[in-house]
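Below is one structure; the comments refer to it alone.
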Amino acid sequence: SESDLEVVVSASNDAILMVEGEAREVPEAEMLEALEFAHDHIKKWCELVEKMAKEVGRPKRDFVSSSVNETLSSQVEKQFSPKARDCLGVVEKLSRQKAVSHLVSEVGQALAKAPQDYGLEEEKSDFAKEAYKAVDDLLYKMMREDILAEGKRIGGRGLDEVRSIETEVDILKAPHGSALFTRGETQVMSTVTIGGSEGDQMVDNILGLSYQKFYLHYFFPPFCVGEARGVRGVGRRELGHGNLAERALKNMFDPLTFPYTLRVMCEVLESNGSSSMGSVCSGSLALMDAGVPLSSPVAGVAMGLVKEGDRFQILTDILGDEDHLGDMDFKVAGSSKGITAIQMDIKIAGITRDIFTRAMEQAKTARLHILSEMNKTMEKPRESFKAGVPTIKTLKIPPDKIGALIGPGGKNIKKLQEENGVKIEVEEDGTVRVLGTDDKVQDEVIETVELQINGPKIGTIYPAEAVTIKEYGVFVDIAPGVSGLVHISEVAHERIKDIEEYVSEGDKFDIKVIEVDKFGRLKLSAKEVRPLEKKKA
């Protein structure tokens with residue numbers, strides 16, 4: 001919780017396999033140093049495991065890959081390559097998927113007509129399944145060769161080119177902050193809600209019970225990828241993406257100076273490549289739109305890799321198909337100063353430090369470009385909250401006075417909250433937070449709490465309400481639980497025979513504190529502020 005970097009690394013003797021972690025704007029050079037440090041230690045563990053395996057002496061099982069139907073593969077490639085090339089030439093995702101679906105259907109029909117020509121047995125083969133595998137394999141080879149030999153991507157984009165970006169803020173009026181981030185065919189809408197500790201997220205896990213004051217929820221509805229199906233429970237994908245975006249943003253403000261609870265909701269409206277990084281960008285803009293004091297804007301980008309032997313190409317801002325047909329999904333989020341979150345998984349035996357270094361440098365260039373596009377819309381947080389957003393005002397009371405503020409069974413604090421429409425939070429160290437939307441009301445509540453805890457100050461004027469009339473004076477309430485006596489001689493300048501001719505229960509008037517005796521009893525005066533006048537008969 002105190003460190004600037006927390007990262008998990010998985011690797012073999014030869015290469016890094018998986019990375020996931022968060023940081024406090026750590027520069028790329030330091031991140032690479034940390035990964036190299038981890039890899040050096042992992043090698044020692046690999047050596048130990050190999051030594052243990054040799055001592056145990058059990059032979060390692062041979063891995064037998066599922067055999068490829070060479071006849072099927074070569075025949076499909078020979079007959080359908082032009083149509084597969086046409087599919088890869090379609091830029092729009094859903095149109096491309098539709099074209100691929102038609103190609104799979106056409107290949108399936110060809111297999112069904114003459115299965116022996118493709119090395120299939122008519123009775124044992126599922127032609128639709130075989131057709132899908134064959135087309136997927138053909139697209140895999142074709143797309144990868146285009147990238148490795150010509151540097152050509154789907155849609156003709158450059159290897160290090162980021163798709164077009166559009167950003168908007170304050171798109172919704174009810175939430176406390178909102179933003180829309182669009183990058184190519186990926187679009188995420190984020191909203192921010194600000195509140196007090198009542199909105200903390202409870203986390204009950206193996207480590208025990210805890211509460212989070214900042215949390216991000218990621219929603220990936222079926223319609224964002226063109227599907228029509230029911231919304232089921234949150235899956236591993238949603239949890240992982242939401243967690244990564246949350247880690248990218250959570251360290252960008254100081255919870256000690258900004259004691260609010262924040263909920264960020266990222267809703268993916270369209271997805272074709274890294275909606276998690278789109279959520280980071282959209283969430284950053286929404287937080288700034290809400291007036292949350294982020295130290296810097298945050299953006300993220302997803303990198304890809306295509307590697308065959310010694311040949312490789314690193315891809316910036318990958319599409320869904322480039323993730324599916326490529327060898328790496330490497331996500332980096334951060335500010336202009338450094339990295340705040342990182343995640344990588346690969347589908348090959350591992351990547352070398354040289355590849356990792358180049359990917360990191362390329363990701364930084366892309367991130368800075370995205371940040372520059374975001375800055376055109378909003379480059380720093382709003383200086384204040386929008387109208388209607390609850391604010392917190394604080395005061396400090398002695399810890400031994402907390403019971404007095406709460407009252408028997410919470411009676412006093414509940415009354416203060418209900419009558420003033422505020423939320424009062426009290427911590428063990430005596431910190432009192434008043435959460436509300438009206439500055440004046442919050443100030444009055446703070447003044448009331450100070451009155452209840454510290455008592456009125458001599459010489460200070462307070463508004464009062466007559467509660468009980470006696471022949472010798474009137475008892476008034478200055479604040480809930482704070483009352484005193486206005487003696488009959490302190491009501492008016494003239495001599496009074498009947499006090500009820502001057503004041504009735506429920507009357508409101510200003511008083512001045514003239515004395516507090518050793519028992520804490522208040523002696524008050526109305527005539528020193530404004531004498532009460534005799535009521536007409």
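Chain identifiers are assigned as A, B, and so on, following the order in which chains appear in the structure tokens; residues are numbered from 1 within each chain, and ligands are numbered from 1 in order of appearance.
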
- Task: Would you kindly return, as a PyMOL selection string, each protein, DNA or RNA residue with an atom no farther than 8 Å from any atom of Arg163 of chain A, considering only C-alpha atoms and excluding same-chain residues fewer than 2 positions away?
- Result: chain A and resi 161+165+183-184+317

- Message: To test your reading of the structure, identify every residue in segment 235-280 of chain A that backbone DSSP assigns to strand (DSSP E or B), and report it as a PyMOL selection string.
- Response: chain A and resi 261-270

- Message: Calculated over only C-alpha atoms, which of the candidates A:Gln201, A:Thr365, A:Ser73, A:Ser190 has the smallest distance to Ser284 of chain A?
- Response: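 Result for the nearest residue to Ser284 of chain A: A:Ser190.
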
- For Lys43 of chain A, work out the shell of residues within 12 Å, counting only C-alpha atoms and skipping chain neighbours fewer than 6 positions away, then give it as a PyMOL selection string. chain A and resi 9-16+36-37+49-50

Only N, CA and C atoms, please: the residues just picked out, written as a compact mmCIF listing (two decimals), in the first residue's frame.
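And here's result-v7.txt as it stands now:
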# COMPACT_ATOMS: atom_id res chain seq x y z
N VAL A 9 4.81 -10.96 -12.03
CA VAL A 9 5.46 -11.37 -13.27
C VAL A 9 5.54 -12.89 -13.32
N SER A 10 5.19 -13.45 -14.48
CA SER A 10 5.34 -14.88 -14.71
C SER A 10 6.28 -15.06 -15.90
N ALA A 11 7.22 -15.99 -15.80
CA ALA A 11 8.20 -16.15 -16.87
C ALA A 11 8.77 -17.56 -16.88
N SER A 12 9.40 -17.89 -17.98
CA SER A 12 10.17 -19.13 -18.08
C SER A 12 11.65 -18.75 -17.97
N ASN A 13 12.51 -19.72 -18.17
CA ASN A 13 13.95 -19.42 -18.17
C ASN A 13 14.32 -18.41 -19.25
N ASP A 14 13.61 -18.49 -20.37
CA ASP A 14 14.01 -17.73 -21.55
C ASP A 14 13.28 -16.40 -21.73
N ALA A 15 12.02 -16.32 -21.29
CA ALA A 15 11.23 -15.13 -21.64
C ALA A 15 10.10 -14.88 -20.65
N ILE A 16 9.61 -13.63 -20.68
CA ILE A 16 8.47 -13.23 -19.83
C ILE A 16 7.18 -13.70 -20.48
N GLU A 36 12.92 -6.88 -15.32
CA GLU A 36 14.19 -7.61 -15.45
C GLU A 36 14.62 -8.20 -14.11
N PHE A 37 14.42 -7.42 -13.05
CA PHE A 37 14.73 -7.91 -11.70
C PHE A 37 13.89 -9.15 -11.39
N VAL A 49 13.21 -25.76 -9.71
CA VAL A 49 12.16 -26.71 -10.12
C VAL A 49 12.76 -27.81 -11.00
N GLU A 50 13.65 -27.42 -11.93
CA GLU A 50 14.29 -28.41 -12.80
C GLU A 50 15.14 -29.39 -11.99

- Query: Which value, in Å to one decimal, gives the distance between atom CA of Val192 of chain A and atom CA of Val298 of chain A?
  - Reply: 15.4 Å

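Proximity ranking of A:Asp62, A:Glu106, A:Glu428, A:Glu2 relative to Val76 of chain A places A:Glu106 first, based on only C-alpha atoms.
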
- Considering only C-alpha atoms, return as JSON, numbers by chain whatever protein or nucleic-acid residues lie within 9 Å of segment 235-241 of chain A, sequence-local ones (same chain, fewer than 5 positions apart) excluded. {"A": [217, 218, 219, 220, 246, 275, 276, 277, 279]}
